[in-house]
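Coordinates from my_file08.txt are shown below (compact mmCIF, C-alpha atoms).
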```
# COMPACT_ATOMS: atom_id res chain seq x y z
CA MET A 1 156.83 42.70 -126.19
CA ARG A 2 157.94 43.65 -129.66
CA ASN A 3 160.29 41.21 -131.35
CA TYR A 4 163.12 43.32 -132.74
CA SER A 5 165.56 41.15 -134.63
CA LEU A 6 168.10 43.67 -135.99
CA GLU A 7 169.76 40.69 -137.69
CA THR A 8 170.15 42.25 -141.13
CA GLU A 9 173.76 41.05 -141.21
CA PRO A 10 175.70 38.52 -139.14
CA THR A 11 177.32 39.62 -135.89
CA ARG A 12 180.14 37.77 -134.20
CA LEU A 13 179.01 35.90 -131.09
CA ILE A 14 180.63 36.77 -127.78
CA GLY A 15 180.35 33.26 -126.30
CA PRO A 16 183.32 31.58 -128.06
CA TRP A 17 185.60 34.51 -127.21
CA LEU A 18 184.56 34.40 -123.57
CA GLU A 19 185.28 30.73 -122.96
CA PRO A 20 189.04 31.06 -122.31
CA LEU A 21 188.42 34.02 -119.98
CA LEU A 22 185.39 32.89 -118.02
CA ALA A 23 187.19 31.08 -115.18
CA GLU A 24 189.35 34.15 -114.62
CA MET A 25 186.29 36.42 -114.60
CA ILE A 26 184.60 34.25 -111.98
CA GLU A 27 187.68 34.52 -109.78
CA PHE A 28 187.82 38.25 -110.47
CA ARG A 29 184.23 38.57 -109.29
CA ARG A 30 184.83 36.48 -106.18
CA ASP A 31 187.82 38.62 -105.24
CA LEU A 32 185.67 41.75 -105.56
CA HIS A 33 182.98 40.10 -103.47
CA ALA A 34 185.46 39.27 -100.72
CA HIS A 35 186.77 42.85 -100.65
CA PRO A 36 183.73 45.15 -100.97
CA GLU A 37 184.15 48.90 -100.59
CA LEU A 38 181.63 51.64 -99.92
CA SER A 39 180.77 54.54 -102.23
CA PHE A 40 183.74 56.74 -103.18
CA GLN A 41 185.98 54.44 -101.11
CA GLU A 42 186.51 51.85 -103.88
CA HIS A 43 190.30 52.32 -104.00
CA ARG A 44 191.30 48.64 -104.04
CA THR A 45 188.57 47.88 -106.56
CA THR A 46 189.71 50.72 -108.80
CA THR A 47 193.33 49.56 -108.69
CA LYS A 48 192.35 45.98 -109.48
CA ILE A 49 190.32 47.11 -112.49
CA TYR A 50 193.02 49.47 -113.72
CA ASP A 51 195.84 46.95 -113.38
CA ARG A 52 193.97 44.20 -115.26
CA LEU A 53 193.14 46.54 -118.13
CA ILE A 54 196.79 47.65 -118.36
CA GLU A 55 197.82 43.99 -118.40
CA ALA A 56 195.49 43.48 -121.37
CA GLY A 57 197.30 46.20 -123.31
CA LEU A 58 194.52 48.76 -122.97
CA LYS A 59 194.85 52.39 -121.89
CA PRO A 60 192.47 52.96 -118.99
CA ARG A 61 192.04 56.32 -117.29
CA ARG A 62 191.60 56.59 -113.54
CA LEU A 63 188.91 58.99 -112.48
CA GLU A 64 189.53 61.47 -109.70
CA GLY A 65 189.06 59.57 -106.44
CA THR A 66 187.75 56.21 -107.66
CA GLY A 67 186.48 54.71 -110.89
CA VAL A 68 187.98 53.92 -114.30
CA ILE A 69 187.16 54.62 -117.94
CA VAL A 70 188.59 52.58 -120.81
CA ASP A 71 188.08 52.74 -124.57
CA VAL A 72 188.31 49.55 -126.63
CA GLY A 73 188.75 49.71 -130.41
CA ASP A 74 189.46 52.60 -132.77
CA GLY A 75 187.42 55.32 -134.40
CA PRO A 76 184.22 57.02 -133.26
CA ILE A 77 182.49 55.79 -130.13
CA ALA A 78 179.57 53.49 -130.91
CA THR A 79 178.30 53.21 -127.36
CA ALA A 80 179.28 53.43 -123.73
CA LEU A 81 178.66 50.63 -121.25
CA ARG A 82 178.45 51.28 -117.52
CA GLY A 83 179.12 49.05 -114.52
CA ASP A 84 178.88 50.30 -110.93
CA ILE A 85 181.56 49.18 -108.50
CA ASP A 86 180.50 50.09 -104.94
CA ALA A 87 179.03 47.95 -102.15
CA LEU A 88 176.53 48.44 -99.32
CA PRO A 89 176.92 49.03 -95.55
CA ILE A 90 175.31 45.66 -94.74
CA ILE A 91 176.65 42.65 -92.83
CA GLU A 92 177.01 39.66 -95.16
CA GLU A 93 175.09 36.51 -94.16
CA THR A 94 175.67 34.25 -97.17
CA GLY A 95 178.22 31.85 -95.67
CA LEU A 96 180.04 31.75 -99.00
CA PRO A 97 183.73 30.77 -98.94
CA PHE A 98 184.49 34.11 -100.59
CA ALA A 99 182.21 36.13 -98.30
CA SER A 100 183.11 39.69 -97.39
CA ARG A 101 186.27 40.14 -95.35
CA ASN A 102 185.31 43.76 -94.71
CA HIS A 103 182.88 43.46 -91.80
CA GLY A 104 179.73 45.48 -92.25
CA VAL A 105 180.17 45.89 -96.01
CA THR A 106 178.85 43.55 -98.69
CA HIS A 107 177.99 43.37 -102.37
CA GLY A 108 174.31 42.90 -101.57
CA CYS A 109 173.19 44.53 -104.82
CA GLY A 110 175.31 42.53 -107.27
CA HIS A 111 177.73 45.28 -108.22
CA ASP A 112 180.56 42.73 -108.12
CA ILE A 113 178.76 40.96 -110.99
CA HIS A 114 178.32 44.28 -112.79
CA THR A 115 182.02 45.12 -112.47
CA ALA A 116 183.20 41.67 -113.52
CA SER A 117 180.80 41.77 -116.48
CA MET A 118 182.33 45.04 -117.67
CA MET A 119 185.81 43.62 -117.24
CA GLY A 120 184.88 40.53 -119.23
CA ILE A 121 183.42 42.68 -122.00
CA ALA A 122 186.56 44.84 -122.13
CA LEU A 123 188.83 41.81 -122.43
CA VAL A 124 186.64 40.03 -124.99
CA LEU A 125 186.25 43.10 -127.20
CA ALA A 126 189.99 43.80 -126.95
CA ALA A 127 190.72 40.25 -128.18
CA MET A 128 188.18 40.63 -130.98
CA HIS A 129 189.68 43.96 -132.02
CA GLU A 130 193.16 42.47 -132.13
CA ASP A 131 191.86 39.66 -134.34
CA ALA A 132 189.86 41.96 -136.65
CA PRO A 133 189.24 45.69 -136.05
CA LEU A 134 185.90 46.43 -134.46
CA GLY A 135 185.38 49.43 -136.71
CA ALA A 136 184.55 51.75 -133.82
CA THR A 137 185.24 52.34 -130.13
CA ILE A 138 183.35 50.95 -127.17
CA ARG A 139 183.71 53.01 -123.99
CA ILE A 140 183.41 51.17 -120.68
CA ILE A 141 182.74 53.15 -117.51
CA PHE A 142 183.51 51.57 -114.15
CA GLN A 143 181.44 53.96 -112.06
CA PRO A 144 181.83 54.58 -108.33
CA ALA A 145 179.14 55.41 -105.79
CA GLU A 146 175.86 54.30 -107.31
CA GLU A 147 174.54 53.61 -103.82
CA THR A 148 174.65 57.27 -102.79
CA MET A 149 172.40 60.12 -103.85
CA PRO A 150 172.64 61.83 -106.28
CA GLY A 151 175.18 59.19 -107.32
CA GLY A 152 178.65 58.82 -108.77
CA ALA A 153 177.37 59.06 -112.33
CA LEU A 154 177.46 62.85 -112.05
CA SER A 155 181.14 62.75 -111.10
CA CYS A 156 181.88 60.56 -114.14
CA ILE A 157 180.01 62.94 -116.43
CA GLU A 158 181.88 65.93 -115.01
CA GLN A 159 185.13 64.12 -115.86
CA GLY A 160 184.21 63.60 -119.50
CA ALA A 161 182.71 60.12 -119.46
CA LEU A 162 180.11 61.03 -122.08
CA GLU A 163 182.28 63.09 -124.43
CA GLY A 164 181.64 61.80 -127.94
CA VAL A 165 179.23 59.12 -126.68
CA PRO A 166 176.01 58.69 -128.74
CA ARG A 167 174.30 56.17 -126.44
CA ILE A 168 174.83 54.17 -123.24
CA MET A 169 173.73 50.77 -121.93
CA ALA A 170 173.98 48.98 -118.59
CA LEU A 171 172.81 45.94 -116.67
CA HIS A 172 171.56 45.35 -113.15
CA CYS A 173 171.21 42.03 -111.33
CA ASP A 174 167.61 40.97 -110.73
CA PRO A 175 166.84 38.06 -108.36
CA ARG A 176 163.26 37.93 -109.68
CA VAL A 177 164.44 36.91 -113.16
CA GLU A 178 165.71 33.39 -113.78
CA VAL A 179 169.35 32.97 -114.71
CA GLY A 180 169.62 32.58 -118.45
CA LYS A 181 167.07 35.32 -119.06
CA ILE A 182 167.13 39.10 -119.10
CA GLY A 183 164.37 41.63 -118.43
CA THR A 184 163.80 44.65 -120.65
CA ARG A 185 161.22 47.39 -120.98
CA ILE A 186 160.79 50.38 -123.29
CA GLY A 187 160.08 53.54 -121.29
CA SER A 188 160.46 54.04 -117.55
CA ILE A 189 162.08 51.04 -115.89
CA THR A 190 163.09 52.75 -112.62
CA SER A 191 161.73 55.72 -110.71
CA ALA A 192 162.99 59.13 -109.78
CA SER A 193 163.85 59.22 -106.10
CA ASP A 194 164.12 62.35 -103.92
CA THR A 195 164.51 62.74 -100.17
CA ILE A 196 162.12 65.11 -98.40
CA LYS A 197 162.84 66.48 -94.91
CA ILE A 198 160.41 68.75 -93.05
CA GLU A 199 161.00 70.50 -89.73
CA LEU A 200 158.18 72.22 -87.83
CA SER A 201 158.46 74.61 -84.91
CA GLY A 202 155.97 76.51 -82.77
CA ARG A 203 154.85 77.28 -79.21
CA GLY A 204 154.50 74.14 -77.18
CA GLY A 205 152.18 73.72 -74.27
CA HIS A 206 149.80 71.51 -72.34
CA THR A 207 147.67 69.01 -74.27
CA SER A 208 144.63 70.28 -72.33
CA ARG A 209 145.00 73.70 -73.99
CA PRO A 210 145.89 73.11 -77.65
CA HIS A 211 144.16 76.39 -78.59
CA LEU A 212 146.94 78.24 -76.75
CA THR A 213 149.69 76.47 -78.72
CA GLU A 214 150.66 75.67 -82.27
CA ASP A 215 149.60 72.02 -82.22
CA LEU A 216 152.69 70.74 -83.91
CA VAL A 217 151.96 66.99 -83.65
CA PHE A 218 148.55 67.47 -85.27
CA ALA A 219 150.19 69.56 -88.02
CA LEU A 220 152.71 66.79 -88.67
CA ALA A 221 149.86 64.31 -88.95
CA GLN A 222 148.02 66.50 -91.44
CA ILE A 223 151.15 66.88 -93.58
CA ALA A 224 151.77 63.14 -93.47
CA VAL A 225 148.26 62.35 -94.71
CA ASN A 226 147.34 65.28 -96.94
CA VAL A 227 150.51 66.15 -98.84
CA PRO A 228 150.60 62.79 -100.68
CA ALA A 229 146.87 63.14 -101.35
CA VAL A 230 147.17 66.64 -102.78
CA LEU A 231 150.14 65.68 -104.99
CA SER A 232 148.13 62.78 -106.39
CA ARG A 233 145.44 65.30 -107.47
CA ARG A 234 147.81 67.95 -108.84
CA VAL A 235 150.12 65.71 -110.90
CA ASP A 236 149.06 63.32 -113.68
CA VAL A 237 148.22 60.02 -111.97
CA ARG A 238 149.82 58.11 -114.87
CA SER A 239 153.24 59.41 -113.78
CA GLY A 240 153.19 57.25 -110.65
CA VAL A 241 154.07 59.98 -108.13
CA SER A 242 154.52 58.35 -104.72
CA MET A 243 155.18 60.25 -101.48
CA VAL A 244 155.94 57.89 -98.58
CA TRP A 245 157.16 58.87 -95.12
CA GLY A 246 159.84 56.85 -93.38
CA GLN A 247 160.46 59.01 -90.31
CA ILE A 248 158.33 61.13 -88.00
CA SER A 249 159.42 62.38 -84.60
CA ALA A 250 158.12 64.88 -82.05
CA GLY A 251 157.65 65.20 -78.32
CA SER A 252 158.69 63.30 -75.22
CA ALA A 253 155.58 63.27 -72.98
CA PRO A 254 151.95 62.28 -73.64
CA ASN A 255 150.54 65.44 -72.03
CA ALA A 256 152.88 68.02 -73.58
CA ILE A 257 152.63 69.51 -77.06
CA PRO A 258 156.26 69.85 -78.27
CA GLY A 259 157.79 72.95 -79.78
CA SER A 260 159.55 71.15 -82.59
CA GLY A 261 159.26 68.03 -84.69
CA MET A 262 160.42 66.52 -87.95
CA MET A 263 159.44 64.09 -90.64
CA ALA A 264 161.23 62.66 -93.64
CA GLY A 265 160.44 60.43 -96.56
CA THR A 266 160.92 59.88 -100.25
CA MET A 267 159.13 61.18 -103.32
CA ARG A 268 159.26 58.88 -106.34
CA CYS A 269 158.00 59.31 -109.88
CA LEU A 270 158.15 57.36 -113.16
CA ASP A 271 157.90 60.40 -115.45
CA ARG A 272 160.65 63.00 -115.94
CA GLU A 273 158.33 65.96 -116.53
CA ALA A 274 156.06 65.01 -113.64
CA TRP A 275 159.16 64.65 -111.43
CA HIS A 276 160.01 68.29 -112.05
CA ALA A 277 156.38 69.41 -111.69
CA ALA A 278 155.92 67.61 -108.36
CA GLY A 279 159.14 69.12 -107.03
CA GLU A 280 157.96 72.62 -107.90
CA LEU A 281 154.59 72.00 -106.23
CA LEU A 282 155.86 70.38 -103.08
CA ASP A 283 156.85 73.43 -101.04
CA ASP A 284 153.57 75.24 -101.76
CA VAL A 285 151.52 72.17 -100.88
CA VAL A 286 153.34 71.62 -97.57
CA GLN A 287 153.00 75.30 -96.63
CA GLN A 288 149.29 75.31 -97.47
CA VAL A 289 148.56 72.16 -95.47
CA ALA A 290 150.47 73.47 -92.44
CA ALA A 291 149.17 77.06 -92.59
CA PRO A 292 145.97 76.61 -90.49
CA TYR A 293 148.02 75.41 -87.51
CA GLY A 294 150.35 78.41 -87.28
CA VAL A 295 153.57 76.38 -87.25
CA ASP A 296 156.79 77.48 -88.90
CA VAL A 297 157.82 75.12 -91.70
CA HIS A 298 161.28 74.42 -93.06
CA LEU A 299 161.34 72.02 -96.01
CA GLU A 300 164.49 70.49 -97.47
CA HIS A 301 164.01 68.83 -100.86
CA ILE A 302 167.09 66.79 -101.77
CA ARG A 303 167.05 65.86 -105.43
CA GLY A 304 168.14 62.27 -105.86
CA VAL A 305 167.99 60.77 -109.36
CA PRO A 306 165.66 61.03 -112.35
CA PRO A 307 163.83 57.96 -113.68
CA VAL A 308 165.65 55.63 -116.07
CA VAL A 309 163.67 55.81 -119.33
CA ASN A 310 164.78 53.14 -121.79
CA SER A 311 164.81 54.18 -125.44
CA GLU A 312 163.29 51.93 -128.07
CA HIS A 313 166.35 51.41 -130.27
CA GLU A 314 168.82 50.69 -127.46
CA THR A 315 166.34 48.25 -125.89
CA ALA A 316 166.10 46.54 -129.27
CA LEU A 317 169.90 46.21 -129.43
CA ILE A 318 169.92 44.44 -126.07
CA GLU A 319 166.99 42.18 -126.93
CA ALA A 320 168.53 41.10 -130.24
CA ALA A 321 171.83 40.40 -128.50
CA ALA A 322 170.15 38.33 -125.78
CA ARG A 323 168.26 36.19 -128.29
CA ALA A 324 171.42 35.56 -130.30
CA GLU A 325 173.60 34.71 -127.30
CA LEU A 326 171.14 33.07 -124.87
CA GLY A 327 168.28 31.82 -127.02
CA GLU A 328 165.04 32.98 -128.58
CA HIS A 329 163.13 32.91 -125.28
CA ALA A 330 165.76 34.72 -123.22
CA VAL A 331 163.92 38.06 -123.05
CA VAL A 332 161.13 38.75 -120.56
CA LEU A 333 159.23 41.92 -119.73
CA ALA A 334 160.79 43.68 -116.74
CA PRO A 335 158.37 45.25 -114.25
CA GLN A 336 158.76 48.93 -113.45
CA SER A 337 160.65 49.56 -110.24
CA MET A 338 160.04 52.45 -107.85
CA GLY A 339 163.68 52.23 -106.80
CA GLY A 340 166.15 54.90 -107.89
CA GLU A 341 169.16 54.32 -110.16
CA ASP A 342 171.75 56.98 -110.93
CA PHE A 343 172.32 55.49 -114.40
CA ALA A 344 169.51 57.91 -115.29
CA TRP A 345 171.93 60.85 -115.16
CA PHE A 346 173.83 59.43 -118.14
CA MET A 347 170.58 59.42 -120.13
CA GLN A 348 169.57 63.05 -119.73
CA ASP A 349 171.03 64.04 -123.10
CA ILE A 350 171.65 60.74 -124.92
CA PRO A 351 169.49 57.62 -125.39
CA GLY A 352 170.19 54.43 -123.53
CA ALA A 353 168.80 51.35 -121.87
CA LEU A 354 169.16 49.43 -118.62
CA MET A 355 168.54 45.68 -118.70
CA ARG A 356 167.74 43.33 -115.83
CA LEU A 357 170.18 40.41 -115.57
CA GLY A 358 168.56 37.25 -114.24
CA THR A 359 170.33 35.81 -111.18
CA HIS A 360 167.61 33.52 -109.74
CA VAL A 361 168.23 29.76 -109.68
CA PRO A 362 165.11 28.14 -111.18
CA GLY A 363 163.27 26.48 -108.31
CA GLY A 364 165.81 27.77 -105.80
CA GLU A 365 165.52 30.07 -102.82
CA GLU A 366 164.21 33.56 -103.51
CA TYR A 367 166.42 36.48 -102.51
CA ASP A 368 166.10 40.23 -102.76
CA LEU A 369 168.56 43.03 -103.40
CA HIS A 370 170.09 44.99 -100.52
CA ARG A 371 170.03 41.98 -98.24
CA GLY A 372 172.98 40.40 -96.49
CA ASP A 373 172.00 36.92 -97.69
CA TYR A 374 171.69 37.74 -101.40
CA ILE A 375 173.38 34.98 -103.42
CA VAL A 376 173.86 35.26 -107.18
CA ASP A 377 173.83 32.29 -109.52
CA GLU A 378 177.28 32.82 -111.02
CA ARG A 379 176.12 31.67 -114.44
CA ALA A 380 174.66 35.17 -114.66
CA LEU A 381 178.15 36.60 -115.06
CA ALA A 382 178.72 34.94 -118.44
CA ASN A 383 175.25 36.00 -119.55
CA GLY A 384 175.89 39.63 -118.68
CA ILE A 385 179.17 39.63 -120.61
CA LYS A 386 177.58 37.97 -123.64
CA VAL A 387 174.49 40.14 -123.87
CA LEU A 388 175.95 43.61 -123.29
CA GLY A 389 179.06 42.74 -125.28
CA ALA A 390 176.91 41.61 -128.20
CA ALA A 391 174.71 44.69 -127.86
CA ALA A 392 177.82 46.85 -128.15
CA LEU A 393 178.81 45.07 -131.36
CA ARG A 394 175.36 45.78 -132.77
CA ALA A 395 175.72 49.44 -131.85
CA ILE A 396 178.74 49.64 -134.13
CA ARG A 397 176.38 49.28 -137.10
CA ASP A 398 174.98 52.74 -136.31
CA VAL A 399 178.36 54.46 -136.60
```
I need this file expressed as structure tokens, please.
Amino acid sequence: MRNYSLETEPTRLIGPWLEPLLAEMIEFRRDLHAHPELSFQEHRTTTKIYDRLIEAGLKPRRLEGTGVIVDVGDGPIATALRGDIDALPIIEETGLPFASRNHGVTHGCGHDIHTASMMGIALVLAAMHEDAPLGATIRIIFQPAEETMPGGALSCIEQGALEGVPRIMALHCDPRVEVGKIGTRIGSITSASDTIKIELSGRGGHTSRPHLTEDLVFALAQIAVNVPAVLSRRVDVRSGVSMVWGQISAGSAPNAIPGSGMMAGTMRCLDREAWHAAGELLDDVVQQVAAPYGVDVHLEHIRGVPPVVNSEHETALIEAAARAELGEHAVVLAPQSMGGEDFAWFMQDIPGALMRLGTHVPGGEEYDLHRGDYIVDERALANGIKVLGAAALRAIRDV
């Protein structure tokens, strides 16, 4: 990994400014964790964010429905920072004293850490600005509904979140990275993710006479096997196009060919151009594979999110900030993920970068995201505030 220093002039460290606020931010996070809310239902969370920013003397703006935007500083915007605020429809199994009180909903993806990190950054930068003007504005977006497709980022953009914004940065908890470290990568760090639904219909009949029917089950099988294969030959293999089925359903008896059936899955891709190309090909490929069997095909292609493609300069800002705040060896190479992340919508017209925030206790139990037992090492919270806050200060140099 390239070693970008960007230390041509001193930058104030975030750590000393965070110390008097850290205990409060931990409690803030625990309160969010105990009261998780699903996508576009984050009303309590939104109020808690808004009220604390008002208390700090800032001027936050509530978004329509849920979510908050706040500007810290004066002058042109140097960067935006984004934290997602929603939780998952999963039963919590952590046993923590501040476990979810909303049965069936939990912060199993670490968005409580993301939200508390953004709050900590807002408060720290506000204190810094009061002490000595920042010289620019940092916009912080508390975004709803990341866990839905196509995601709450689009709603934020429609409400002006990116007006005047030259770049954007964000973090995401990563239980594969040790606490005290962050993961970065130039280029695609997450995948595009679309949902594909296919319905077939035709004349059913007896399995002893398939020639008198449209053999719908056989057609489903051919689509399941051949569509991914054809896409892999029609789209550049370096783009990482992946078509995987998660549902297939047809029939109710072993000796009867059904008249209808369905299948559904996801199409993922690490390259923006290939994502568009694969989407344009998909309907033709499905129709061609199904054509010999005489079935009627209805395809629904639900666009999810593009890939997150980290830009070089914004990645360098984050890496330099991490080394200054956490130590020279704090940056590791993040693997590419085939998961989707709606942060990508913010980066369609401006550069940006998403970093992985280490939450794994060295030598401790291994967890994964989107699980009811996911436990975060809370030391990660301070690290997230320090690194993205320091990256924002470095972005001011570009104004």
Of the listed residues A:Met243, A:Val286, A:Leu200, A:Leu212, that which approaches Gly261 (chain A) most closely, counting only C-alpha atoms: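 Among the listed residues, A:Leu200 lies closest to Gly261 (chain A).
Using all atoms listed in the file, the smallest distance between any of A:Ala278, A:Arg203, A:Met263, A:Glu365 and Val237 (chain A) comes from A:Ala278.
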Neighbour list for region 248-258 of chain A as an MDAnalysis selection string, cut-off 12 Å, all atoms listed in the file, skip fewer than 4 positions in-chain: chainID A and resid 196:221 223:224 244 262:265 295
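The list of residues with at least one atom within 7 Å of region 91-97 of chain A, based on only C-alpha atoms and without residues fewer than 4 positions apart in the same chain, reads His103, Gly104, Val105, Thr106, Gly372, Asp373, Tyr374 and Ile375 of chain A.
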Considering all atoms listed in the file, tabulate each residue of region 152-268 of chain A that lies at most 10 Å from region 111-133 of chain A along with its nearest interatomic pair and the corresponding distance in Å to one decimal; arrange the rows by chain and ascending residue number and present them as a Markdown table.
```
| residue | atom | partner | partner_atom | distance |
| --- | --- | --- | --- | --- |
| A:Ala170 | CA | A:His114 | CA | 8.6 |
| A:Leu171 | CA | A:His114 | CA | 6.9 |
| A:His172 | CA | A:His114 | CA | 6.9 |
| A:Cys173 | CA | A:His114 | CA | 7.6 |
```
So that all listed atoms of region 338-356 of chain A fit with 4 Å spare on each side, what axis-aligned box centre and edge lengths in Å, to one decimal, would you give as JSON?
```
{"center_x": 166.9, "center_y": 53.7, "center_z": -116.1, "size_x": 21.8, "size_y": 28.7, "size_z": 26.6}
```
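You will find CA of Arg82 (chain A) at 17.5 Å from CA of Ala322 (chain A).
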Residue with smallest distance to Ala145 (chain A) - pool A:Val308, A:Leu81, A:Ala87, A:Ala395, counting only C-alpha atoms: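 Smallest distance to Ala145 (chain A) is found for A:Ala87.
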Shell around Ser239 (chain A) at 9 Å using only C-alpha atoms, local window under 5 positions removed, as a PyMOL selection string: chain A and resi 269-275
Store the residues of this selection in a file with C-alpha atoms, as an mmCIF file, in the coordinates of the input.
```
data_model
loop_
_atom_site.group_PDB
_atom_site.id
_atom_site.type_symbol
_atom_site.label_atom_id
_atom_site.label_comp_id
_atom_site.auth_asym_id
_atom_site.auth_seq_id
_atom_site.Cartn_x
_atom_site.Cartn_y
_atom_site.Cartn_z
ATOM 1 C CA CYS A 269 158.000 59.310 -109.880
ATOM 2 C CA LEU A 270 158.150 57.360 -113.160
ATOM 3 C CA ASP A 271 157.900 60.400 -115.450
ATOM 4 C CA ARG A 272 160.650 63.000 -115.940
ATOM 5 C CA GLU A 273 158.330 65.960 -116.530
ATOM 6 C CA ALA A 274 156.060 65.010 -113.640
ATOM 7 C CA TRP A 275 159.160 64.650 -111.430
#
```
CA of Ile318 (chain A) to CA of Ile396 (chain A), straight-line distance in Å: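 Those two atoms sit 13.0 Å apart.
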Who sits within 10 Å of Arg167 (chain A), all atoms listed in the file, same chain under 4 positions skipped, as a count of residues only: 16
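You will find CA of Gly73 (chain A) at 5.8 Å from CA of Ala136 (chain A).
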Contact residues around Gln159 (chain A) with only C-alpha atoms at 10 Å, ignoring same-chain residues under 6 positions, as a list of chain:residue names: A:Leu63, A:Glu64, A:Ile69, A:Ala153
Residue among A:Val285, A:Ala380, A:Val309, A:Leu21 lying closest to Gly187 (chain A), counting all atoms listed in the file: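 Among the listed residues, the smallest separation from Gly187 (chain A) belongs to A:Val309.
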Since the input lacks atoms, please generate N, CA, C and O atoms for region 59-72 of chain A and provide them as an mmCIF file, keeping the file's coordinate frame.
```cif
data_model
loop_
_atom_site.group_PDB
_atom_site.id
_atom_site.type_symbol
_atom_site.label_atom_id
_atom_site.label_comp_id
_atom_site.auth_asym_id
_atom_site.auth_seq_id
_atom_site.Cartn_x
_atom_site.Cartn_y
_atom_site.Cartn_z
ATOM 1 N N LYS A 59 194.390 51.129 -122.466
ATOM 2 C CA LYS A 59 194.850 52.390 -121.890
ATOM 3 C C LYS A 59 193.743 53.005 -121.033
ATOM 4 O O LYS A 59 193.105 53.997 -121.417
ATOM 5 N N PRO A 60 193.529 52.439 -119.866
ATOM 6 C CA PRO A 60 192.470 52.960 -118.990
ATOM 7 C C PRO A 60 192.856 54.303 -118.388
ATOM 8 O O PRO A 60 194.034 54.660 -118.306
ATOM 9 N N ARG A 61 191.839 55.036 -117.965
ATOM 10 C CA ARG A 61 192.040 56.320 -117.290
ATOM 11 C C ARG A 61 191.377 56.262 -115.921
ATOM 12 O O ARG A 61 190.185 55.990 -115.814
ATOM 13 N N ARG A 62 192.166 56.503 -114.888
ATOM 14 C CA ARG A 62 191.600 56.590 -113.540
ATOM 15 C C ARG A 62 190.817 57.889 -113.402
ATOM 16 O O ARG A 62 191.280 58.946 -113.826
ATOM 17 N N LEU A 63 189.672 57.792 -112.796
ATOM 18 C CA LEU A 63 188.910 58.990 -112.480
ATOM 19 C C LEU A 63 189.415 59.581 -111.161
ATOM 20 O O LEU A 63 190.065 58.891 -110.376
ATOM 21 N N GLU A 64 189.126 60.830 -110.945
ATOM 22 C CA GLU A 64 189.530 61.470 -109.700
ATOM 23 C C GLU A 64 188.837 60.768 -108.529
ATOM 24 O O GLU A 64 187.613 60.624 -108.515
ATOM 25 N N GLY A 65 189.614 60.321 -107.573
ATOM 26 C CA GLY A 65 189.060 59.570 -106.440
ATOM 27 C C GLY A 65 189.014 58.095 -106.773
ATOM 28 O O GLY A 65 189.997 57.372 -106.592
ATOM 29 N N THR A 66 187.903 57.623 -107.291
ATOM 30 C CA THR A 66 187.750 56.210 -107.660
ATOM 31 C C THR A 66 186.996 56.107 -108.976
ATOM 32 O O THR A 66 186.314 57.030 -109.403
ATOM 33 N N GLY A 67 187.122 54.937 -109.610
ATOM 34 C CA GLY A 67 186.480 54.710 -110.890
ATOM 35 C C GLY A 67 187.483 54.713 -112.035
ATOM 36 O O GLY A 67 188.587 55.280 -111.921
ATOM 37 N N VAL A 68 187.095 54.077 -113.137
ATOM 38 C CA VAL A 68 187.980 53.920 -114.300
ATOM 39 C C VAL A 68 187.143 54.037 -115.570
ATOM 40 O O VAL A 68 185.993 53.594 -115.616
ATOM 41 N N ILE A 69 187.742 54.619 -116.602
ATOM 42 C CA ILE A 69 187.160 54.620 -117.940
ATOM 43 C C ILE A 69 188.171 54.016 -118.904
ATOM 44 O O ILE A 69 189.362 54.318 -118.826
ATOM 45 N N VAL A 70 187.696 53.156 -119.808
ATOM 46 C CA VAL A 70 188.590 52.580 -120.810
ATOM 47 C C VAL A 70 187.867 52.525 -122.146
ATOM 48 O O VAL A 70 186.668 52.242 -122.216
ATOM 49 N N ASP A 71 188.594 52.839 -123.217
ATOM 50 C CA ASP A 71 188.080 52.740 -124.570
ATOM 51 C C ASP A 71 188.702 51.521 -125.245
ATOM 52 O O ASP A 71 189.918 51.314 -125.184
ATOM 53 N N VAL A 72 187.857 50.739 -125.914
ATOM 54 C CA VAL A 72 188.310 49.550 -126.630
ATOM 55 C C VAL A 72 187.975 49.737 -128.109
ATOM 56 O O VAL A 72 186.823 50.033 -128.453
#
```
